[in-house]
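Enquirer: File follows, start_19.tsv with TSV, C-alpha atoms:
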chain	number	residue	atom	x	y	z
A	1	MET	CA	-3.03	9.24	47.03
A	2	ARG	CA	-3.23	5.56	47.74
A	3	PRO	CA	-0.72	3.43	45.77
A	4	TYR	CA	-3.37	1.32	44.05
A	5	LEU	CA	-5.16	4.48	42.83
A	6	ARG	CA	-1.89	5.78	41.41
A	7	TYR	CA	-1.38	2.52	39.54
A	8	ILE	CA	-4.92	2.64	38.17
A	9	LEU	CA	-4.40	6.20	36.95
A	10	ILE	CA	-1.11	5.26	35.32
A	11	LEU	CA	-2.77	2.29	33.63
A	12	ILE	CA	-5.65	4.44	32.37
A	13	ALA	CA	-3.20	7.04	31.03
A	14	PHE	CA	-1.21	4.31	29.29
A	15	VAL	CA	-4.34	2.84	27.67
A	16	LEU	CA	-5.45	6.29	26.52
A	17	LEU	CA	-2.03	6.94	24.97
A	18	LEU	CA	-2.19	3.63	23.13
A	19	ALA	CA	-5.69	4.43	21.90
A	20	LEU	CA	-4.54	7.85	20.72
A	21	ALA	CA	-1.53	6.38	18.90
A	22	ALA	CA	-3.73	3.73	17.27
A	23	SER	CA	-6.19	6.38	16.10
A	24	LEU	CA	-3.43	8.59	14.70
A	25	GLU	CA	-1.98	5.63	12.80
A	26	TYR	CA	-5.37	4.47	11.54
A	27	PHE	CA	-6.06	7.89	10.06
A	28	GLY	CA	-2.57	8.13	8.54
A	29	ILE	CA	-1.38	11.04	10.69
A	30	ILE	CA	1.51	8.94	11.96
A	31	TRP	CA	2.85	5.58	10.79
A	32	HIS	CA	5.08	3.33	12.84
A	33	ASN	CA	7.13	2.30	9.81
A	34	ASP	CA	8.22	5.92	9.34
A	35	LEU	CA	10.81	5.19	12.01
A	36	PHE	CA	12.33	2.31	10.02
A	37	ALA	CA	12.15	4.25	6.74
A	38	TRP	CA	13.60	7.45	8.20
A	39	PRO	CA	17.25	6.73	7.20
A	40	TYR	CA	16.38	6.59	3.49
A	41	GLN	CA	16.76	9.91	1.71
A	42	VAL	CA	14.67	9.20	-1.37
A	43	LYS	CA	10.94	8.79	-0.85
A	44	GLY	CA	8.07	8.57	-3.32
A	45	LEU	CA	4.48	7.55	-3.95
A	46	ASP	CA	2.49	5.07	-5.97
A	47	VAL	CA	-0.97	6.07	-7.15
A	48	SER	CA	-3.91	4.99	-9.27
A	49	HIS	CA	-7.42	6.20	-10.01
A	50	HIS	CA	-8.28	5.33	-6.40
A	51	GLN	CA	-6.52	8.54	-5.30
A	52	GLY	CA	-8.92	10.62	-7.38
A	53	ASP	CA	-7.97	14.06	-8.67
A	54	ILE	CA	-4.46	14.76	-7.38
A	55	ASP	CA	-3.12	18.28	-6.92
A	56	TRP	CA	0.41	17.53	-8.08
A	57	HIS	CA	1.60	21.09	-7.55
A	58	THR	CA	0.73	20.86	-3.86
A	59	VAL	CA	2.21	17.37	-3.57
A	60	ARG	CA	5.54	18.62	-4.90
A	61	ALA	CA	5.53	21.94	-3.08
A	62	GLU	CA	4.61	20.61	0.35
A	63	HIS	CA	6.60	17.36	0.42
A	64	ASP	CA	10.08	16.15	-0.45
A	65	PHE	CA	9.01	13.28	-2.68
A	66	ARG	CA	11.29	12.47	-5.61
A	67	PHE	CA	9.37	9.86	-7.61
A	68	VAL	CA	5.96	8.35	-8.26
A	69	PHE	CA	4.87	5.06	-9.79
A	70	ILE	CA	1.51	5.41	-11.56
A	71	LYS	CA	-0.87	2.59	-12.38
A	72	ALA	CA	-1.21	2.29	-16.14
A	73	THR	CA	-2.72	-1.05	-17.06
A	74	GLU	CA	-4.07	-4.36	-15.86
A	75	GLY	CA	-4.38	-7.57	-17.82
A	76	GLN	CA	-4.77	-7.30	-21.59
A	77	ASP	CA	-7.26	-4.44	-21.88
A	78	PHE	CA	-7.71	-2.40	-18.68
A	79	ILE	CA	-6.27	1.14	-18.70
A	80	ASP	CA	-6.34	3.28	-15.58
A	81	LYS	CA	-8.54	6.27	-16.34
A	82	ARG	CA	-6.23	8.73	-14.58
A	83	PHE	CA	-2.94	7.42	-15.93
A	84	LYS	CA	-2.36	10.01	-18.66
A	85	GLU	CA	-3.28	12.92	-16.40
A	86	ASN	CA	-1.18	11.68	-13.50
A	87	TRP	CA	1.81	10.98	-15.75
A	88	ARG	CA	1.64	14.41	-17.39
A	89	GLU	CA	1.05	16.46	-14.25
A	90	ALA	CA	3.56	14.63	-12.06
A	91	LYS	CA	6.27	15.12	-14.69
A	92	LYS	CA	5.33	18.77	-14.99
A	93	GLN	CA	6.11	19.19	-11.29
A	94	GLY	CA	9.55	17.63	-11.64
A	95	LEU	CA	8.83	14.22	-10.16
A	96	LEU	CA	10.54	11.22	-11.70
A	97	VAL	CA	7.73	9.01	-12.99
A	98	GLY	CA	7.26	5.36	-13.75
A	99	ALA	CA	4.28	3.18	-14.66
A	100	TYR	CA	3.12	-0.12	-13.29
A	101	HIS	CA	1.10	-2.98	-14.73
A	102	PHE	CA	-1.10	-5.23	-12.61
A	103	PHE	CA	-0.25	-8.74	-13.76
A	104	SER	CA	-3.11	-11.16	-14.42
A	105	MET	CA	-3.31	-14.86	-15.16
A	106	GLN	CA	-6.51	-14.25	-17.15
A	107	SER	CA	-4.62	-13.27	-20.29
A	108	LEU	CA	-1.36	-14.02	-22.08
A	109	GLY	CA	1.78	-12.16	-21.11
A	110	ALA	CA	2.27	-10.99	-24.69
A	111	ARG	CA	-1.16	-9.34	-24.79
A	112	GLN	CA	-0.55	-7.72	-21.42
A	113	ALA	CA	2.71	-6.34	-22.77
A	114	ASP	CA	0.88	-4.91	-25.79
A	115	ASN	CA	-1.60	-3.18	-23.51
A	116	PHE	CA	1.16	-1.59	-21.44
A	117	ILE	CA	3.25	-0.54	-24.45
A	118	ARG	CA	0.23	1.07	-26.14
A	119	THR	CA	-0.50	3.03	-22.98
A	120	VAL	CA	2.83	4.07	-21.47
A	121	PRO	CA	5.07	6.45	-23.46
A	122	LYS	CA	8.73	5.69	-23.93
A	123	GLU	CA	10.34	8.86	-22.60
A	124	PRO	CA	13.81	9.76	-21.32
A	125	ASP	CA	14.37	9.77	-17.56
A	126	SER	CA	11.42	7.54	-16.82
A	127	LEU	CA	11.64	4.89	-14.14
A	128	PRO	CA	11.70	1.26	-15.30
A	129	PRO	CA	8.35	-0.39	-15.94
A	130	VAL	CA	6.91	-2.25	-12.97
A	131	ILE	CA	5.01	-5.53	-12.97
A	132	ASP	CA	2.77	-5.82	-9.93
A	133	VAL	CA	2.63	-9.50	-8.96
A	134	GLU	CA	-0.22	-9.85	-6.47
A	135	ILE	CA	-1.97	-12.88	-7.89
A	136	HIS	CA	-3.41	-15.80	-5.93
A	137	LEU	CA	-0.94	-18.40	-4.71
A	138	ASN	CA	-2.69	-21.42	-6.24
A	139	HIS	CA	-1.70	-20.86	-9.88
A	140	ASP	CA	0.56	-23.29	-11.71
A	141	ARG	CA	4.09	-21.97	-11.16
A	142	ARG	CA	5.25	-22.96	-14.62
A	143	LYS	CA	2.40	-21.03	-16.27
A	144	VAL	CA	3.02	-17.99	-14.12
A	145	HIS	CA	6.73	-18.10	-14.95
A	146	ARG	CA	6.03	-18.47	-18.68
A	147	GLU	CA	3.59	-15.57	-18.98
A	148	LEU	CA	5.50	-13.33	-16.60
A	149	LEU	CA	8.74	-13.98	-18.47
A	150	VAL	CA	7.17	-13.11	-21.83
A	151	LEU	CA	5.71	-9.91	-20.37
A	152	SER	CA	9.00	-8.94	-18.75
A	153	GLN	CA	11.08	-9.60	-21.86
A	154	ARG	CA	8.74	-7.62	-24.08
A	155	LEU	CA	8.81	-4.64	-21.74
A	156	GLU	CA	12.57	-4.76	-21.36
A	157	GLN	CA	13.03	-4.94	-25.12
A	158	HIS	CA	10.74	-1.94	-25.69
A	159	TYR	CA	11.81	0.35	-22.85
A	160	GLY	CA	15.45	-0.69	-22.56
A	161	GLN	CA	15.20	-1.31	-18.82
A	162	LYS	CA	14.65	-4.53	-16.90
A	163	PRO	CA	11.23	-4.36	-15.25
A	164	ILE	CA	10.93	-4.06	-11.50
A	165	LEU	CA	8.80	-6.72	-9.82
A	166	TYR	CA	6.44	-5.50	-7.11
A	167	VAL	CA	5.83	-8.36	-4.68
A	168	THR	CA	4.47	-9.37	-1.33
A	169	TYR	CA	6.39	-11.92	0.71
A	170	ASP	CA	3.90	-14.57	-0.40
A	171	THR	CA	4.11	-13.92	-4.14
A	172	TYR	CA	7.87	-13.51	-3.93
A	173	GLY	CA	8.32	-16.90	-2.29
A	174	GLN	CA	5.78	-18.66	-4.50
A	175	TYR	CA	6.64	-17.29	-7.95
A	176	ILE	CA	9.64	-14.97	-8.04
A	177	GLU	CA	12.46	-16.06	-5.75
A	178	SER	CA	13.77	-19.00	-7.77
A	179	SER	CA	12.59	-17.93	-11.23
A	180	PHE	CA	13.57	-14.26	-11.50
A	181	PRO	CA	16.83	-13.89	-9.57
A	182	THR	CA	18.11	-10.80	-11.42
A	183	HIS	CA	15.01	-8.61	-11.49
A	184	PRO	CA	14.95	-5.58	-9.19
A	185	ILE	CA	12.48	-6.06	-6.35
A	186	TRP	CA	9.93	-3.64	-4.93
A	187	ILE	CA	8.75	-5.20	-1.68
A	188	ARG	CA	5.59	-4.43	0.25
A	189	ASP	CA	6.04	-4.47	4.01
A	190	ILE	CA	3.81	-2.07	5.91
A	191	LYS	CA	4.55	-3.63	9.29
A	192	LYS	CA	8.32	-3.61	9.62
A	193	PHE	CA	11.68	-3.32	7.88
A	194	PRO	CA	11.92	-5.65	4.85
A	195	THR	CA	13.35	-9.11	5.47
A	196	LEU	CA	14.16	-10.68	2.11
A	197	ASP	CA	16.95	-13.05	1.20
A	198	ARG	CA	18.13	-10.61	-1.49
A	199	ASN	CA	18.46	-6.87	-1.89
A	200	TRP	CA	15.37	-4.80	-2.61
A	201	LEU	CA	15.30	-1.64	-4.71
A	202	PHE	CA	12.07	-0.03	-3.49
A	203	TRP	CA	10.10	-0.58	-0.31
A	204	GLN	CA	6.42	0.24	0.13
A	205	TYR	CA	6.37	0.94	3.85
A	206	SER	CA	3.00	2.65	4.26
A	207	ASN	CA	-0.41	2.19	2.68
A	208	ARG	CA	-2.21	4.85	4.73
A	209	GLY	CA	-0.21	7.98	4.05
A	210	ARG	CA	-2.07	11.27	4.33
A	211	ILE	CA	-0.40	14.08	2.44
A	212	GLN	CA	-1.42	17.48	1.16
A	213	GLY	CA	-2.65	17.41	-2.42
A	214	ILE	CA	-4.27	13.95	-2.16
A	215	ASP	CA	-7.67	13.53	-0.51
A	216	THR	CA	-7.39	9.79	0.16
A	217	TYR	CA	-4.87	7.43	1.69
A	218	VAL	CA	-1.80	6.91	-0.47
A	219	ASP	CA	1.10	4.45	-0.54
A	220	ILE	CA	4.53	5.79	0.42
A	221	ASN	CA	7.81	4.19	-0.65
A	222	ALA	CA	11.54	4.40	-0.03
A	223	TYR	CA	14.45	3.87	-2.43
A	224	HIS	CA	17.27	1.65	-1.19
A	225	GLY	CA	20.15	4.05	-1.68
A	226	GLU	CA	21.37	7.63	-1.53
A	227	LEU	CA	20.02	10.51	-3.61
A	228	ASP	CA	23.14	10.76	-5.78
A	229	GLU	CA	22.90	7.06	-6.55
A	230	PHE	CA	19.20	7.39	-7.36
A	231	LEU	CA	19.84	10.23	-9.82
A	232	GLN	CA	22.82	8.45	-11.35
A	233	ARG	CA	20.78	5.32	-11.90
A	234	PHE	CA	17.56	6.77	-13.27
A	235	THR	CA	18.33	10.10	-14.93
A	236	THR	CA	20.53	11.34	-17.75
A	237	VAL	CA	20.74	14.92	-16.45
A	238	LYS	CA	22.54	14.78	-13.11
Once you've parsed the file, please lay out its structure as C-alpha cells.

Expert:
Amino acid sequence: MRPYLRYILILIAFVLLLALAASLEYFGIIWHNDLFAWPYQVKGLDVSHHQGDIDWHTVRAEHDFRFVFIKATEGQDFIDKRFKENWREAKKQGLLVGAYHFFSMQSLGARQADNFIRTVPKEPDSLPPVIDVEIHLNHDRRKVHRELLVLSQRLEQHYGQKPILYVTYDTYGQYIESSFPTHPIWIRDIKKFPTLDRNWLFWQYSNRGRIQGIDTYVDINAYHGELDEFLQRFTTVK
C-alpha cells in the first residue's frame, strides 16, 4: 500500500473514532468527566419533574448511588409536582435524600423560605437543604445577598443544617464568593475537574447521564470525601 493511502486510512479511522466517541457522549453512554470523577467513592443524582416517572427500585438495584437531591420548590409558590413521590420512593430504597430550592429574585427570601418549609419535611438523616443559585448576573448584588441571606438563615433555623449553595462559576464569582464564605458549595462543572478557590462539597460532573430506571438524561454528582466520612457527616445510624 502506498504511504499516502495508509495515512489517509489512518486519518479516516481517527475521524470515525472521534465521531463515535462524540455520539456516545452526546447520548450519555459515556461521559469524559467520568474519568475525573472516578476517584470519588460516593456518587448520587439530582432530579426534578423533568425526569418523569422514576423507577427508584431499579435505580438503587442497578447502580451504586448513595444520595439524591430532589427539586422541591422555586420562588415563593412553585412546588415540583413529583417532589413528594420522589422523596418517598427514593427514601424507601435506602437512598439518602435532600431537597433543593431554585432561588428567584422575583420574590422575597422570606416567602421563598416559607414555600420550601411548607413543602419539605423535617426528617432525620436528610441531607441539608440546597439553594440553587442560577440567576442572571445583572442583579444588584446587595439585593441578592439580602434575600439569599434571609432564605438561608430561615432554612438553617428550621432544619438545623446550614444550606448548601449550588452554583455555577459565574454565579459563584458574582454573588457567593465574598458574601457567603462559610456555606458548603455544590459546584457545576460538566467539562472538567472543579477549579474553585475554596473546597467544594458536591460536584455535578455530568448532565447527560443515562441510567436504568430513568428514561431521560439525569445529572450525576460526586461527594468530596470518603464513604465513611459521608455517613458520619449526614447520618445518625452509622

Enquirer: Taking a cut-off of 12 Å and counting only C-alpha atoms, can you build a table that, for each residue of stretch 185-209 of chain A near stretch 105-128 of chain A, reports the nearest atom pair and how far apart they are in Å (one decimal), sorted by chain then residue number, as JSON lines?

Expert:
{"residue": "A:Ile185", "atom": "CA", "partner": "A:Pro128", "partner_atom": "CA", "distance": 11.6}
{"residue": "A:Trp186", "atom": "CA", "partner": "A:Pro128", "partner_atom": "CA", "distance": 11.6}
{"residue": "A:Leu201", "atom": "CA", "partner": "A:Pro128", "partner_atom": "CA", "distance": 11.6}
{"residue": "A:Phe202", "atom": "CA", "partner": "A:Leu127", "partner_atom": "CA", "distance": 11.7}

Enquirer: Grab the atom CA of A:Ser178 to atom CA of A:Ala72 distance for me, in Å with one decimal place.

Expert: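 Value for the atom CA of A:Ser178-atom CA of A:Ala72 distance: 27.3 Å.
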
Enquirer: Just the number, please: distance in Å from atom CA of A:Lys192 to atom CA of A:Ile176, one decimal.

Expert: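 So the answer is 21.0 Å.
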
Enquirer: Just the number, please: distance in Å from atom CA of A:Ser104 to atom CA of A:Phe193, one decimal.

Expert: 27.9 Å

Enquirer: Nearest residue to A:Leu155 out of A:Val130, A:Ala90, A:Ile54, A:Ala37, using all atoms listed in the file?

Expert: A:Val130

Enquirer: Smallest atom-to-atom distance to A:Arg82: which of A:Ala99, A:Glu229, A:Ser48, A:Val68, using only C-alpha atoms?

Expert: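 Of A:Ala99, A:Glu229, A:Ser48, A:Val68, the one nearest A:Arg82 is A:Ser48, counting only C-alpha atoms.
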
Enquirer: Rank A:Asp55, A:Glu85, A:Asp34, A:Glu156 by their smallest atom-to-atom distance to A:Lys191, using all atoms listed in the file, and report the top residue only.

Expert: A:Asp34

Enquirer: Hey, could you patch up stretch 213-236 of chain A with N, CA, C and O atoms and hand it over as a PDB file, in the frame of the given file?

Expert:
ATOM      1  N   GLY A 213      -2.530  17.561  -0.975  1.00  0.00           N
ATOM      2  CA  GLY A 213      -2.650  17.410  -2.420  1.00  0.00           C
ATOM      3  C   GLY A 213      -3.373  16.151  -2.835  1.00  0.00           C
ATOM      4  O   GLY A 213      -3.761  16.007  -3.995  1.00  0.00           O
ATOM      5  N   ILE A 214      -3.549  15.194  -1.881  1.00  0.00           N
ATOM      6  CA  ILE A 214      -4.270  13.950  -2.160  1.00  0.00           C
ATOM      7  C   ILE A 214      -5.317  13.771  -1.083  1.00  0.00           C
ATOM      8  O   ILE A 214      -4.998  13.797   0.111  1.00  0.00           O
ATOM      9  N   ASP A 215      -6.555  13.567  -1.471  1.00  0.00           N
ATOM     10  CA  ASP A 215      -7.670  13.530  -0.510  1.00  0.00           C
ATOM     11  C   ASP A 215      -7.877  12.167   0.134  1.00  0.00           C
ATOM     12  O   ASP A 215      -8.666  12.042   1.065  1.00  0.00           O
ATOM     13  N   THR A 216      -7.208  11.134  -0.377  1.00  0.00           N
ATOM     14  CA  THR A 216      -7.390   9.790   0.160  1.00  0.00           C
ATOM     15  C   THR A 216      -6.063   9.272   0.713  1.00  0.00           C
ATOM     16  O   THR A 216      -5.024   9.927   0.594  1.00  0.00           O
ATOM     17  N   TYR A 217      -6.112   8.083   1.302  1.00  0.00           N
ATOM     18  CA  TYR A 217      -4.870   7.430   1.690  1.00  0.00           C
ATOM     19  C   TYR A 217      -4.021   7.161   0.442  1.00  0.00           C
ATOM     20  O   TYR A 217      -4.540   6.933  -0.643  1.00  0.00           O
ATOM     21  N   VAL A 218      -2.699   7.159   0.645  1.00  0.00           N
ATOM     22  CA  VAL A 218      -1.800   6.910  -0.470  1.00  0.00           C
ATOM     23  C   VAL A 218      -0.605   6.094   0.017  1.00  0.00           C
ATOM     24  O   VAL A 218      -0.191   6.205   1.177  1.00  0.00           O
ATOM     25  N   ASP A 219      -0.069   5.261  -0.870  1.00  0.00           N
ATOM     26  CA  ASP A 219       1.100   4.450  -0.540  1.00  0.00           C
ATOM     27  C   ASP A 219       2.368   5.312  -0.588  1.00  0.00           C
ATOM     28  O   ASP A 219       2.537   6.123  -1.505  1.00  0.00           O
ATOM     29  N   ILE A 220       3.260   5.065   0.372  1.00  0.00           N
ATOM     30  CA  ILE A 220       4.530   5.790   0.420  1.00  0.00           C
ATOM     31  C   ILE A 220       5.666   4.770   0.362  1.00  0.00           C
ATOM     32  O   ILE A 220       5.596   3.696   0.966  1.00  0.00           O
ATOM     33  N   ASN A 221       6.722   5.111  -0.368  1.00  0.00           N
ATOM     34  CA  ASN A 221       7.810   4.190  -0.650  1.00  0.00           C
ATOM     35  C   ASN A 221       9.172   4.825  -0.396  1.00  0.00           C
ATOM     36  O   ASN A 221       9.315   6.050  -0.416  1.00  0.00           O
ATOM     37  N   ALA A 222      10.151   3.961  -0.203  1.00  0.00           N
ATOM     38  CA  ALA A 222      11.540   4.400  -0.030  1.00  0.00           C
ATOM     39  C   ALA A 222      12.415   3.707  -1.063  1.00  0.00           C
ATOM     40  O   ALA A 222      12.175   2.543  -1.424  1.00  0.00           O
ATOM     41  N   TYR A 223      13.439   4.436  -1.525  1.00  0.00           N
ATOM     42  CA  TYR A 223      14.450   3.870  -2.430  1.00  0.00           C
ATOM     43  C   TYR A 223      15.634   3.401  -1.602  1.00  0.00           C
ATOM     44  O   TYR A 223      16.075   4.104  -0.687  1.00  0.00           O
ATOM     45  N   HIS A 224      16.167   2.244  -1.942  1.00  0.00           N
ATOM     46  CA  HIS A 224      17.270   1.650  -1.190  1.00  0.00           C
ATOM     47  C   HIS A 224      18.608   2.210  -1.687  1.00  0.00           C
ATOM     48  O   HIS A 224      19.317   1.563  -2.448  1.00  0.00           O
ATOM     49  N   GLY A 225      18.909   3.428  -1.274  1.00  0.00           N
ATOM     50  CA  GLY A 225      20.150   4.050  -1.680  1.00  0.00           C
ATOM     51  C   GLY A 225      20.141   5.547  -1.420  1.00  0.00           C
ATOM     52  O   GLY A 225      19.141   6.105  -0.971  1.00  0.00           O
ATOM     53  N   GLU A 226      21.243   6.187  -1.733  1.00  0.00           N
ATOM     54  CA  GLU A 226      21.370   7.630  -1.530  1.00  0.00           C
ATOM     55  C   GLU A 226      20.805   8.387  -2.733  1.00  0.00           C
ATOM     56  O   GLU A 226      20.603   7.830  -3.812  1.00  0.00           O
ATOM     57  N   LEU A 227      20.582   9.684  -2.543  1.00  0.00           N
ATOM     58  CA  LEU A 227      20.020  10.510  -3.610  1.00  0.00           C
ATOM     59  C   LEU A 227      20.916  10.547  -4.828  1.00  0.00           C
ATOM     60  O   LEU A 227      20.441  10.418  -5.967  1.00  0.00           O
ATOM     61  N   ASP A 228      22.221  10.725  -4.637  1.00  0.00           N
ATOM     62  CA  ASP A 228      23.140  10.760  -5.780  1.00  0.00           C
ATOM     63  C   ASP A 228      23.074   9.469  -6.585  1.00  0.00           C
ATOM     64  O   ASP A 228      23.106   9.487  -7.823  1.00  0.00           O
ATOM     65  N   GLU A 229      22.993   8.359  -5.884  1.00  0.00           N
ATOM     66  CA  GLU A 229      22.900   7.060  -6.550  1.00  0.00           C
ATOM     67  C   GLU A 229      21.588   6.932  -7.320  1.00  0.00           C
ATOM     68  O   GLU A 229      21.552   6.416  -8.444  1.00  0.00           O
ATOM     69  N   PHE A 230      20.513   7.421  -6.716  1.00  0.00           N
ATOM     70  CA  PHE A 230      19.200   7.390  -7.360  1.00  0.00           C
ATOM     71  C   PHE A 230      19.232   8.184  -8.670  1.00  0.00           C
ATOM     72  O   PHE A 230      18.772   7.700  -9.722  1.00  0.00           O
ATOM     73  N   LEU A 231      19.780   9.393  -8.624  1.00  0.00           N
ATOM     74  CA  LEU A 231      19.840  10.230  -9.820  1.00  0.00           C
ATOM     75  C   LEU A 231      20.760   9.621 -10.871  1.00  0.00           C
ATOM     76  O   LEU A 231      20.470   9.661 -12.069  1.00  0.00           O
ATOM     77  N   GLN A 232      21.866   9.064 -10.432  1.00  0.00           N
ATOM     78  CA  GLN A 232      22.820   8.450 -11.350  1.00  0.00           C
ATOM     79  C   GLN A 232      22.176   7.256 -12.061  1.00  0.00           C
ATOM     80  O   GLN A 232      22.400   7.034 -13.257  1.00  0.00           O
ATOM     81  N   ARG A 233      21.366   6.536 -11.342  1.00  0.00           N
ATOM     82  CA  ARG A 233      20.780   5.320 -11.900  1.00  0.00           C
ATOM     83  C   ARG A 233      19.621   5.602 -12.859  1.00  0.00           C
ATOM     84  O   ARG A 233      19.462   4.908 -13.866  1.00  0.00           O
ATOM     85  N   PHE A 234      18.824   6.622 -12.553  1.00  0.00           N
ATOM     86  CA  PHE A 234      17.560   6.770 -13.270  1.00  0.00           C
ATOM     87  C   PHE A 234      17.444   8.047 -14.120  1.00  0.00           C
ATOM     88  O   PHE A 234      16.428   8.215 -14.787  1.00  0.00           O
ATOM     89  N   THR A 235      18.434   8.904 -14.121  1.00  0.00           N
ATOM     90  CA  THR A 235      18.330  10.100 -14.930  1.00  0.00           C
ATOM     91  C   THR A 235      19.570  10.283 -15.794  1.00  0.00           C
ATOM     92  O   THR A 235      20.645   9.781 -15.481  1.00  0.00           O
ATOM     93  N   THR A 236      19.401  11.033 -16.886  1.00  0.00           N
ATOM     94  CA  THR A 236      20.530  11.340 -17.750  1.00  0.00           C
ATOM     95  C   THR A 236      21.111  12.707 -17.432  1.00  0.00           C
ATOM     96  O   THR A 236      22.267  12.979 -17.702  1.00  0.00           O
TER      97      THR A 236
END
